[in-house]
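S.K.: Pasting a structure here, questions to come.
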Amino acid sequence: MSRAFNFSAGPAVMPEEVLQQAAAEMLDWHDAQGRSSGMSVMEMSHRGKEFISICEQAEADLRELLAVPANFKILFMQGGGLAENAIVPMNLSQGGAMDFVLTGSWSQKSLKEAGKYGTARVAASAQADGFTSLPSPASWHIGADSRYVHICGNETIHGVEFHELPDLKALGCDAPLVVDFSSHVASRPVDWSRVGLAFGGAQKNLGPAGLTLVIVREDLIGHALPHCPSAFDYKLVADNQSMYNTPPTYSIYIAGLVFQWLKKHGGIAAMEQRNIAKAQLLYDCLDNSALYVNKVDKACRSRMNVPFFLRDESRNDAFLAGAKARGLLQLKGHKSVGGMRASIYNAMPLEGVQALVSYLREFEKTQA
Ligand SMILES: *Cc1c(COP(=O)(O)O)cnc(C)c1O
């Protein structure tokens, strides 16, 4: 068996230790005391004590890892980030106005979807410069009647990341901040004092597709629009410990193993240091080359998703073929941006980035 370095934007690389543990437990899950359940986690009732213990442990580990305050609920939902683009306004807008900061494809999608449930306004946009920078919070236009302000913490396609969450209160705004953190959750700490709600699909940095994480301040729960589907009403989901309907049990179990892996390897602070080192290595290589270019403002370059271009685009196919031959997979950029993209989530080891950097240098030499 040989495992490649997978630079996919999502579903994405998983920690190998987690996959091994899941494989070992596939046919017969054992509890912490070593007692056999006689079945796979995917065969368990979500109402049984075994699965409930798995789910409660996952939630407790995540709360500890991300230092989620007690007045926030952790919800395990379904539908992905895109469904939350509708579920958030259905729960928070009360049919009123919402303000969106446009920093790339994902925040654009959020704006468009929210318009079905209320008045969705653009507070600021970086579209004019091709989404390569972040509009400074002082320049945002937030209405006094705003129900919430939405940002995408890390734009997975454009490779732009907020390295500091905006302090809305300091801007004179009392509306809660909603953060789509799908593609950088658990890669860095979160300043919850600045956040009302954060959501993310699991398949970038937490586990398999199918699970959607929502972390929401309690006072924002209980205001859903009358036509909000019951399974998407945060109050019903919270009151039923994420078991109002059958949750994505196997995805929750795997995400729980990822949380244990994160704890074992030093938690979020250690992960952030590793992520800074990996990103630095890759950006330095790109910046010091005559062949490759990353166009994003250095102040907001993503640590997770690194888009780059070959100055000679006629070499793209040769670049990708050479990468594949070395076991460096999924480097083709998103079709809306073109070029290349390397996603280097928590589970991408430093060795993977080192192998990519060696290849980048080697390929550049052959082009000279
Ligand atoms: C991938 C992604 C989404 C969409 O997630 P789905 O699970 O496909 O709905 C939304 N926002 C961001 C930032 C993403 O990276």
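Naming scheme: A, B, ... for chains in displayed order of the structure tokens; residues 1 onward per chain; ligands 1 onward as shown.
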Would you kindly return, as number ranges by chain, each protein, DNA or RNA residue with an atom no farther than 12 Å from any atom of His227 of chain A, considering only C-alpha atoms and excluding same-chain residues fewer than 6 positions away?

M.R.: A: 86-87, 89-91, 94-95, 117, 233

S.K.: Include N, CA, C and O atoms and write out the residues we just selected as a PDB file, in the first residue's frame.

M.R.:
ATOM      1  N   ALA A  86     -28.810  28.774   3.923  1.00  0.00           N
ATOM      2  CA  ALA A  86     -30.255  28.979   4.067  1.00  0.00           C
ATOM      3  C   ALA A  86     -30.689  28.849   5.526  1.00  0.00           C
ATOM      4  O   ALA A  86     -31.538  29.599   6.008  1.00  0.00           O
ATOM      5  N   ILE A  87     -30.080  27.899   6.240  1.00  0.00           N
ATOM      6  CA  ILE A  87     -30.513  27.612   7.616  1.00  0.00           C
ATOM      7  C   ILE A  87     -30.187  28.779   8.551  1.00  0.00           C
ATOM      8  O   ILE A  87     -30.983  29.116   9.440  1.00  0.00           O
ATOM      9  N   PRO A  89     -30.015  32.167   7.818  1.00  0.00           N
ATOM     10  CA  PRO A  89     -31.050  33.225   7.724  1.00  0.00           C
ATOM     11  C   PRO A  89     -32.426  32.759   8.205  1.00  0.00           C
ATOM     12  O   PRO A  89     -33.163  33.563   8.791  1.00  0.00           O
ATOM     13  N   MET A  90     -32.771  31.492   8.007  1.00  0.00           N
ATOM     14  CA  MET A  90     -34.069  31.013   8.495  1.00  0.00           C
ATOM     15  C   MET A  90     -34.147  31.088  10.017  1.00  0.00           C
ATOM     16  O   MET A  90     -35.215  31.234  10.584  1.00  0.00           O
ATOM     17  N   ASN A  91     -33.000  30.973  10.690  1.00  0.00           N
ATOM     18  CA  ASN A  91     -32.988  30.990  12.155  1.00  0.00           C
ATOM     19  C   ASN A  91     -32.688  32.361  12.760  1.00  0.00           C
ATOM     20  O   ASN A  91     -33.101  32.637  13.881  1.00  0.00           O
ATOM     21  N   GLN A  94     -35.138  36.646  11.099  1.00  0.00           N
ATOM     22  CA  GLN A  94     -36.499  37.078  11.444  1.00  0.00           C
ATOM     23  C   GLN A  94     -37.105  37.888  10.294  1.00  0.00           C
ATOM     24  O   GLN A  94     -37.911  38.802  10.501  1.00  0.00           O
ATOM     25  N   GLY A  95     -36.692  37.570   9.067  1.00  0.00           N
ATOM     26  CA  GLY A  95     -37.235  38.237   7.884  1.00  0.00           C
ATOM     27  C   GLY A  95     -36.666  39.626   7.652  1.00  0.00           C
ATOM     28  O   GLY A  95     -37.085  40.324   6.729  1.00  0.00           O
ATOM     29  N   TYR A 117     -34.632  34.761   2.136  1.00  0.00           N
ATOM     30  CA  TYR A 117     -35.255  34.745   3.468  1.00  0.00           C
ATOM     31  C   TYR A 117     -35.326  36.111   4.125  1.00  0.00           C
ATOM     32  O   TYR A 117     -35.783  36.235   5.254  1.00  0.00           O
ATOM     33  N   ASP A 233     -34.308  23.720  12.539  1.00  0.00           N
ATOM     34  CA  ASP A 233     -34.581  24.738  13.559  1.00  0.00           C
ATOM     35  C   ASP A 233     -33.590  24.517  14.711  1.00  0.00           C
ATOM     36  O   ASP A 233     -33.621  23.494  15.396  1.00  0.00           O
TER      37      ASP A 233
END

S.K.: Where does chain A meet ligand 1 within 9 Å, residue by residue, with the nearest atom pair and distance in Å to one decimal for each, counting only C-alpha atoms and all ligand atoms, listed by chain and rising number, as a Markdown table?

M.R.:
| residue | atom | partner | partner_atom_place_in_ligand_line | distance |
| --- | --- | --- | --- | --- |
| A:Ala9 | CA | ligand 1 | 15 (O) | 7.6 |
| A:Gly10 | CA | ligand 1 | 1 (C) | 6.6 |
| A:Pro11 | CA | ligand 1 | 1 (C) | 8.4 |
| A:Gln78 | CA | ligand 1 | 7 (O) | 8.7 |
| A:Gly79 | CA | ligand 1 | 9 (O) | 6.3 |
| A:Gly80 | CA | ligand 1 | 7 (O) | 3.4 |
| A:Gly81 | CA | ligand 1 | 9 (O) | 3.8 |
| A:Leu82 | CA | ligand 1 | 9 (O) | 3.7 |
| A:Ala83 | CA | ligand 1 | 9 (O) | 6.0 |
| A:Glu84 | CA | ligand 1 | 9 (O) | 7.7 |
| A:Asn85 | CA | ligand 1 | 10 (C) | 8.2 |
| A:Ser105 | CA | ligand 1 | 13 (C) | 8.4 |
| A:Trp106 | CA | ligand 1 | 11 (N) | 5.2 |
| A:Ser107 | CA | ligand 1 | 11 (N) | 7.6 |
| A:Lys109 | CA | ligand 1 | 10 (C) | 8.4 |
| A:Ser110 | CA | ligand 1 | 11 (N) | 8.3 |
| A:Cys152 | CA | ligand 1 | 13 (C) | 6.0 |
| A:Gly153 | CA | ligand 1 | 13 (C) | 7.3 |
| A:Asn154 | CA | ligand 1 | 13 (C) | 5.9 |
| A:Glu155 | CA | ligand 1 | 13 (C) | 5.3 |
| A:Thr156 | CA | ligand 1 | 15 (O) | 4.7 |
| A:Ile157 | CA | ligand 1 | 15 (O) | 7.4 |
| A:Asp180 | CA | ligand 1 | 13 (C) | 5.8 |
| A:Phe181 | CA | ligand 1 | 13 (C) | 6.1 |
| A:Ser182 | CA | ligand 1 | 13 (C) | 4.8 |
| A:Ser183 | CA | ligand 1 | 15 (O) | 4.7 |
| A:His184 | CA | ligand 1 | 13 (C) | 8.1 |
| A:Phe199 | CA | ligand 1 | 11 (N) | 8.7 |
| A:Gly200 | CA | ligand 1 | 11 (N) | 6.8 |
| A:Gly201 | CA | ligand 1 | 7 (O) | 4.7 |
| A:Ala202 | CA | ligand 1 | 7 (O) | 7.4 |
| A:Gln203 | CA | ligand 1 | 7 (O) | 7.0 |
| A:Lys204 | CA | ligand 1 | 1 (C) | 7.0 |
| A:Ala209 | CA | ligand 1 | 7 (O) | 6.9 |
| A:Gly210 | CA | ligand 1 | 7 (O) | 7.5 |
| A:Leu211 | CA | ligand 1 | 7 (O) | 8.3 |
| A:Thr212 | CA | ligand 1 | 7 (O) | 7.4 |

S.K.: Print the selection's residues with N, CA, C and O atoms to a file, as a compact mmCIF listing (two decimals), in the first residue's frame.

M.R.:
# COMPACT_ATOMS: atom_id res chain seq x y z
N ALA A 9 -9.11 20.07 -1.97
CA ALA A 9 -9.76 21.10 -1.14
C ALA A 9 -10.90 20.52 -0.31
O ALA A 9 -11.36 21.14 0.64
N GLY A 10 -11.41 19.37 -0.66
CA GLY A 10 -12.43 18.72 0.14
C GLY A 10 -13.44 17.97 -0.71
O GLY A 10 -13.79 18.46 -1.78
N PRO A 11 -13.86 16.78 -0.25
CA PRO A 11 -13.31 16.02 0.87
C PRO A 11 -11.80 15.91 0.76
O PRO A 11 -11.26 15.89 -0.34
N GLN A 78 -26.70 18.44 9.30
CA GLN A 78 -26.42 17.89 7.96
C GLN A 78 -26.72 18.96 6.92
O GLN A 78 -27.34 19.97 7.21
N GLY A 79 -26.31 18.70 5.70
CA GLY A 79 -26.61 19.63 4.60
C GLY A 79 -25.41 20.44 4.15
O GLY A 79 -25.46 21.11 3.12
N GLY A 80 -24.32 20.40 4.91
CA GLY A 80 -23.10 21.09 4.50
C GLY A 80 -23.18 22.60 4.66
O GLY A 80 -24.18 23.16 5.11
N GLY A 81 -22.09 23.25 4.27
CA GLY A 81 -22.02 24.71 4.35
C GLY A 81 -23.12 25.36 3.50
O GLY A 81 -23.71 26.36 3.91
N LEU A 82 -23.40 24.77 2.36
CA LEU A 82 -24.39 25.40 1.49
C LEU A 82 -25.78 25.38 2.12
O LEU A 82 -26.53 26.35 1.98
N ALA A 83 -26.15 24.31 2.80
CA ALA A 83 -27.46 24.29 3.47
C ALA A 83 -27.49 25.35 4.57
O ALA A 83 -28.50 26.02 4.77
N GLU A 84 -26.36 25.56 5.27
CA GLU A 84 -26.34 26.59 6.32
C GLU A 84 -26.55 27.99 5.74
O GLU A 84 -27.01 28.89 6.44
N ASN A 85 -26.20 28.17 4.46
CA ASN A 85 -26.47 29.47 3.84
C ASN A 85 -27.96 29.80 3.86
O ASN A 85 -28.33 30.97 3.81
N SER A 105 -15.82 33.38 -3.60
CA SER A 105 -16.98 32.61 -4.08
C SER A 105 -17.94 32.20 -2.98
O SER A 105 -19.16 32.20 -3.17
N TRP A 106 -17.39 31.82 -1.82
CA TRP A 106 -18.27 31.26 -0.80
C TRP A 106 -19.14 32.32 -0.14
O TRP A 106 -20.33 32.10 0.09
N SER A 107 -18.59 33.50 0.13
CA SER A 107 -19.43 34.55 0.70
C SER A 107 -20.44 35.05 -0.34
O SER A 107 -21.56 35.42 0.01
N LYS A 109 -21.92 33.16 -2.52
CA LYS A 109 -23.01 32.16 -2.49
C LYS A 109 -23.90 32.39 -1.27
O LYS A 109 -25.13 32.25 -1.35
N SER A 110 -23.29 32.72 -0.14
CA SER A 110 -24.07 32.94 1.09
C SER A 110 -25.03 34.11 0.91
O SER A 110 -26.20 34.04 1.29
N CYS A 152 -16.94 34.99 5.48
CA CYS A 152 -16.35 33.66 5.28
C CYS A 152 -14.92 33.75 5.82
O CYS A 152 -14.09 34.50 5.29
N GLY A 153 -14.66 33.04 6.90
CA GLY A 153 -13.36 33.15 7.58
C GLY A 153 -12.19 32.77 6.70
O GLY A 153 -11.11 33.35 6.79
N ASN A 154 -12.41 31.80 5.84
CA ASN A 154 -11.36 31.36 4.92
C ASN A 154 -12.02 31.00 3.59
O ASN A 154 -12.81 30.07 3.52
N GLU A 155 -11.67 31.78 2.57
CA GLU A 155 -12.23 31.54 1.23
C GLU A 155 -11.42 30.42 0.57
O GLU A 155 -10.31 30.64 0.07
N THR A 156 -12.01 29.25 0.53
CA THR A 156 -11.35 28.03 0.09
C THR A 156 -10.87 28.10 -1.36
O THR A 156 -9.86 27.50 -1.72
N ILE A 157 -11.61 28.82 -2.19
CA ILE A 157 -11.27 28.89 -3.62
C ILE A 157 -10.27 30.01 -3.89
O ILE A 157 -9.29 29.81 -4.60
N ASP A 180 -18.57 31.62 8.38
CA ASP A 180 -18.45 30.33 7.70
C ASP A 180 -17.00 29.90 7.88
O ASP A 180 -16.10 30.46 7.26
N PHE A 181 -16.78 28.93 8.77
CA PHE A 181 -15.39 28.50 9.02
C PHE A 181 -15.13 27.09 8.49
O PHE A 181 -14.25 26.38 8.97
N SER A 182 -15.89 26.73 7.44
CA SER A 182 -15.81 25.38 6.87
C SER A 182 -14.37 24.92 6.62
O SER A 182 -14.03 23.79 6.93
N SER A 183 -13.55 25.81 6.05
CA SER A 183 -12.25 25.33 5.58
C SER A 183 -11.07 25.75 6.47
O SER A 183 -9.93 25.54 6.08
N HIS A 184 -11.36 26.33 7.63
CA HIS A 184 -10.23 26.53 8.57
C HIS A 184 -10.59 26.24 10.04
O HIS A 184 -9.79 26.52 10.93
N PHE A 199 -20.28 28.19 11.46
CA PHE A 199 -20.70 26.91 10.89
C PHE A 199 -19.66 26.41 9.90
O PHE A 199 -18.87 27.19 9.36
N GLY A 200 -19.67 25.10 9.69
CA GLY A 200 -18.75 24.54 8.71
C GLY A 200 -19.08 23.10 8.37
O GLY A 200 -19.50 22.33 9.24
N GLY A 201 -18.92 22.74 7.12
CA GLY A 201 -18.99 21.34 6.73
C GLY A 201 -17.74 20.64 7.27
O GLY A 201 -16.69 21.25 7.42
N ALA A 202 -17.87 19.34 7.57
CA ALA A 202 -16.75 18.62 8.20
C ALA A 202 -15.66 18.22 7.22
O ALA A 202 -14.53 17.96 7.63
N GLN A 203 -15.97 18.20 5.94
CA GLN A 203 -15.10 17.46 5.00
C GLN A 203 -13.81 18.16 4.61
O GLN A 203 -13.05 17.62 3.82
N LYS A 204 -13.54 19.36 5.17
CA LYS A 204 -12.27 20.01 4.88
C LYS A 204 -11.26 19.67 5.99
O LYS A 204 -10.16 19.23 5.72
N ALA A 209 -17.44 13.90 4.80
CA ALA A 209 -18.61 14.66 4.39
C ALA A 209 -19.85 14.09 5.08
O ALA A 209 -19.88 12.93 5.49
N GLY A 210 -20.87 14.92 5.20
CA GLY A 210 -22.13 14.45 5.78
C GLY A 210 -22.44 15.12 7.10
O GLY A 210 -23.59 15.26 7.49
N LEU A 211 -21.41 15.55 7.81
CA LEU A 211 -21.58 16.23 9.10
C LEU A 211 -21.36 17.73 8.91
O LEU A 211 -20.41 18.13 8.24
N THR A 212 -22.26 18.51 9.48
CA THR A 212 -22.09 19.97 9.48
C THR A 212 -22.07 20.44 10.92
O THR A 212 -22.97 20.11 11.69

S.K.: Which value, in Å to one decimal, gives the distance between atom CA of Val306 of chain A and atom CA of Ala186 of chain A?

M.R.: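 Separation of atom CA of Val306 of chain A and atom CA of Ala186 of chain A: 17.6 Å.
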
S.K.: Show me, as a count of residues only, the residues that have an atom within 12 Å of His265 of chain A when counting only C-alpha atoms, minus same-chain residues fewer than 6 positions from it.

M.R.: 11

S.K.: Just checking: using only C-alpha atoms, which residue out of A:Ser53, A:Ser93, A:Asn294, A:Asn305 ends up closest to Ser8 of chain A?

M.R.: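 Checking each of A:Ser53, A:Ser93, A:Asn294, A:Asn305 against Ser8 of chain A, counting only C-alpha atoms, the winner is A:Asn305.
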
S.K.: Write down as a PyMOL selection string the residues belonging to segment 159-359 of chain A that are assigned alpha helix (DSSP H) by DSSP computed on the backbone.

M.R.: chain A and resi 234-239+249-264+267-287+316-325+350-359

S.K.: Mind checking which residues fall within 7 Å of segment 134-151 of chain A, counting only C-alpha atoms, ignoring those fewer than 4 positions away in the same chain, and posting them as a PyMOL selection string?

M.R.: chain A and resi 92-93+96-101+103+107+123-126+166+171+175-180+300

S.K.: Given the selection you just returned, output its residues as a file containing N, CA and C atoms, formatted as an mmCIF file, in the first residue's frame.

M.R.:
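Resulting contents of part.cif:
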data_model
loop_
_atom_site.group_PDB
_atom_site.id
_atom_site.type_symbol
_atom_site.label_atom_id
_atom_site.label_comp_id
_atom_site.auth_asym_id
_atom_site.auth_seq_id
_atom_site.Cartn_x
_atom_site.Cartn_y
_atom_site.Cartn_z
ATOM 1 N N LEU A 92 -31.938 33.182 12.027
ATOM 2 C CA LEU A 92 -31.451 34.427 12.626
ATOM 3 C C LEU A 92 -32.045 35.705 12.035
ATOM 4 N N SER A 93 -32.561 35.646 10.797
ATOM 5 C CA SER A 93 -32.913 36.910 10.122
ATOM 6 C C SER A 93 -34.230 37.496 10.615
ATOM 7 N N GLY A 96 -35.700 40.033 8.459
ATOM 8 C CA GLY A 96 -35.129 41.387 8.354
ATOM 9 C C GLY A 96 -33.919 41.442 7.439
ATOM 10 N N ALA A 97 -33.038 42.406 7.721
ATOM 11 C CA ALA A 97 -31.885 42.652 6.850
ATOM 12 C C ALA A 97 -30.620 42.010 7.407
ATOM 13 N N MET A 98 -29.767 41.574 6.478
ATOM 14 C CA MET A 98 -28.491 40.930 6.840
ATOM 15 C C MET A 98 -27.390 41.556 5.997
ATOM 16 N N ASP A 99 -26.197 41.647 6.557
ATOM 17 C CA ASP A 99 -25.080 42.277 5.837
ATOM 18 C C ASP A 99 -23.966 41.276 5.562
ATOM 19 N N PHE A 100 -23.460 41.279 4.338
ATOM 20 C CA PHE A 100 -22.465 40.295 3.898
ATOM 21 C C PHE A 100 -21.186 40.987 3.430
ATOM 22 N N VAL A 101 -20.069 40.431 3.856
ATOM 23 C CA VAL A 101 -18.770 40.921 3.385
ATOM 24 C C VAL A 101 -18.299 39.936 2.312
ATOM 25 N N THR A 103 -15.793 38.288 -0.015
ATOM 26 C CA THR A 103 -14.342 38.104 -0.115
ATOM 27 C C THR A 103 -13.985 36.945 -1.041
ATOM 28 N N SER A 107 -18.588 33.496 0.131
ATOM 29 C CA SER A 107 -19.431 34.550 0.702
ATOM 30 C C SER A 107 -20.437 35.048 -0.340
ATOM 31 N N ALA A 123 -22.094 44.539 2.543
ATOM 32 C CA ALA A 123 -21.451 45.516 3.448
ATOM 33 C C ALA A 123 -20.134 46.004 2.867
ATOM 34 N N ALA A 124 -19.463 45.129 2.131
ATOM 35 C CA ALA A 124 -18.175 45.451 1.507
ATOM 36 C C ALA A 124 -17.864 44.339 0.519
ATOM 37 N N SER A 125 -17.036 44.640 -0.475
ATOM 38 C CA SER A 125 -16.689 43.617 -1.460
ATOM 39 C C SER A 125 -15.271 43.804 -1.962
ATOM 40 N N ALA A 126 -14.571 42.693 -2.132
ATOM 41 C CA ALA A 126 -13.215 42.727 -2.690
ATOM 42 C C ALA A 126 -13.221 42.241 -4.141
ATOM 43 N N PRO A 166 -13.223 40.271 12.816
ATOM 44 C CA PRO A 166 -13.579 41.674 13.060
ATOM 45 C C PRO A 166 -14.266 41.825 14.414
ATOM 46 N N LEU A 171 -16.858 48.566 16.083
ATOM 47 C CA LEU A 171 -17.357 49.342 14.936
ATOM 48 C C LEU A 171 -18.702 49.983 15.256
ATOM 49 N N ALA A 175 -24.947 43.819 16.112
ATOM 50 C CA ALA A 175 -25.407 42.593 15.442
ATOM 51 C C ALA A 175 -24.391 41.477 15.643
ATOM 52 N N PRO A 176 -24.855 40.229 15.715
ATOM 53 C CA PRO A 176 -23.908 39.117 15.859
ATOM 54 C C PRO A 176 -23.134 38.863 14.565
ATOM 55 N N LEU A 177 -21.921 38.374 14.738
ATOM 56 C CA LEU A 177 -21.094 37.988 13.592
ATOM 57 C C LEU A 177 -21.336 36.504 13.289
ATOM 58 N N VAL A 178 -21.603 36.210 12.025
ATOM 59 C CA VAL A 178 -21.740 34.827 11.565
ATOM 60 C C VAL A 178 -20.511 34.501 10.719
ATOM 61 N N VAL A 179 -19.851 33.412 11.050
ATOM 62 C CA VAL A 179 -18.622 33.043 10.337
ATOM 63 C C VAL A 179 -18.792 31.671 9.687
ATOM 64 N N ASP A 180 -18.575 31.617 8.380
ATOM 65 C CA ASP A 180 -18.452 30.328 7.702
ATOM 66 C C ASP A 180 -16.996 29.900 7.882
ATOM 67 N N CYS A 300 -3.357 38.608 4.086
ATOM 68 C CA CYS A 300 -4.548 37.748 4.252
ATOM 69 C C CYS A 300 -4.444 36.460 3.462
#

S.K.: So that I can see what lies close to Ile276 of chain A, please list as a list in words the residues with an atom at most 10 Å from it, counting only C-alpha atoms and leaving out residues fewer than 2 positions away in the same chain.

M.R.: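 My reading of the contact set: Ser187, Arg188, Ala270, Met271, Glu272, Gln273, Arg274, Lys278, Ala279, Gln280, Leu281, Ser302, Arg303 and Met304 of chain A.
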
S.K.: Now that the selection is made, can you save its residues with C-alpha atoms as an mmCIF file, in the first residue's frame?

M.R.:
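File result-v4.cif, as written:
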data_model
loop_
_atom_site.group_PDB
_atom_site.id
_atom_site.type_symbol
_atom_site.label_atom_id
_atom_site.label_comp_id
_atom_site.auth_asym_id
_atom_site.auth_seq_id
_atom_site.Cartn_x
_atom_site.Cartn_y
_atom_site.Cartn_z
ATOM 1 C CA SER A 187 -6.697 25.064 12.293
ATOM 2 C CA ARG A 188 -6.426 28.024 14.727
ATOM 3 C CA ALA A 270 0.137 23.235 18.371
ATOM 4 C CA MET A 271 -1.819 22.674 15.190
ATOM 5 C CA GLU A 272 -1.746 26.397 14.439
ATOM 6 C CA GLN A 273 2.049 26.467 14.809
ATOM 7 C CA ARG A 274 2.368 23.526 12.414
ATOM 8 C CA LYS A 278 3.695 24.561 6.485
ATOM 9 C CA ALA A 279 2.152 27.642 4.867
ATOM 10 C CA GLN A 280 5.368 29.644 5.290
ATOM 11 C CA LEU A 281 7.394 26.949 3.587
ATOM 12 C CA SER A 302 -4.773 31.497 3.626
ATOM 13 C CA ARG A 303 -2.837 28.964 5.662
ATOM 14 C CA MET A 304 -5.148 26.236 4.424
#

S.K.: For Pro69 of chain A, which residue out of A:Pro307, A:Pro248, A:Gly115, A:Gly196 is the nearest one, using only C-alpha atoms?

M.R.: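 Selected residue with least distance to Pro69 of chain A: A:Gly196.
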
S.K.: Work out how far atom CA of Pro226 of chain A is from atom CA of Ala120 of chain A, in Å to one decimal.

M.R.: 19.0 Å

S.K.: What's the separation between atom CA of Val13 of chain A and atom CA of Pro349 of chain A, in Å to one decimal place?

M.R.: 9.7 Å

S.K.: Tell me, as a PyMOL selection string, which residues lie within 9 Å of Arg326 of chain A, counting only C-alpha atoms; anything in the same chain fewer than 3 positions away does not count.

M.R.: chain A and resi 4+321-323+329+355+359

S.K.: For Cys228 of chain A, which of A:Val296, A:Val216, A:Leu310, A:Val88 is the closest residue, counting only C-alpha atoms?

M.R.: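 Using only C-alpha atoms, the shortest distance to Cys228 of chain A belongs to A:Val88.
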
S.K.: Tell me which protein, DNA and RNA residues are within 8 Å of Tyr253 of chain A, counting only C-alpha atoms, leaving out same-chain ones fewer than 4 positions away, and put them as an NGL selection string.

M.R.: :A and (41 or 54-55 or 58 or 249 or 257)

S.K.: Which residue out of A:Leu213, A:Leu328, A:Leu360, A:Ala67 has the minimum interatomic distance to Ser343 of chain A when only C-alpha atoms are used?

M.R.: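 Closest candidate: A:Leu328.
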
S.K.: Choose the residue, out of A:Leu27, A:Ala238, A:Glu113, A:Ser36, that has the smallest atom-to-atom separation from Ile221 of chain A; count only C-alpha atoms.

M.R.: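 Among the listed residues, A:Ala238 lies closest to Ile221 of chain A.
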
S.K.: Would you give me, as JSON lines, each residue of segment 13-126 of chain A having an atom within 12 Å of an atom of segment 266-269 of chain A, along with its shortest atom pair and that distance in Å to one decimal, using only C-alpha atoms and sorting by chain and residue number?

M.R.:
{"residue": "A:Asp61", "atom": "CA", "partner": "A:Gly267", "partner_atom": "CA", "distance": 10.2}
{"residue": "A:Leu62", "atom": "CA", "partner": "A:Gly267", "partner_atom": "CA", "distance": 10.1}
{"residue": "A:Arg63", "atom": "CA", "partner": "A:Ile268", "partner_atom": "CA", "distance": 11.5}
{"residue": "A:Glu64", "atom": "CA", "partner": "A:Gly267", "partner_atom": "CA", "distance": 9.1}
{"residue": "A:Leu65", "atom": "CA", "partner": "A:Gly267", "partner_atom": "CA", "distance": 6.1}
{"residue": "A:Leu66", "atom": "CA", "partner": "A:Ile268", "partner_atom": "CA", "distance": 7.1}
{"residue": "A:Ala67", "atom": "CA", "partner": "A:Ile268", "partner_atom": "CA", "distance": 9.6}

S.K.: When you count only C-alpha atoms, which of these residues is closest to Phe162 of chain A: A:Asp284, A:Glu59, A:Asp297, A:Glu351?

M.R.: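 Using only C-alpha atoms, Phe162 of chain A sits closest to A:Asp297.
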
S.K.: Which parts of segment 85-261 of chain A does DSSP call strand (DSSP E or B) when run on the backbone here, written out as number ranges by chain?

M.R.: A: 97-102, 119-125, 146-152, 154-155, 160-161, 177-180, 197-201, 212-217
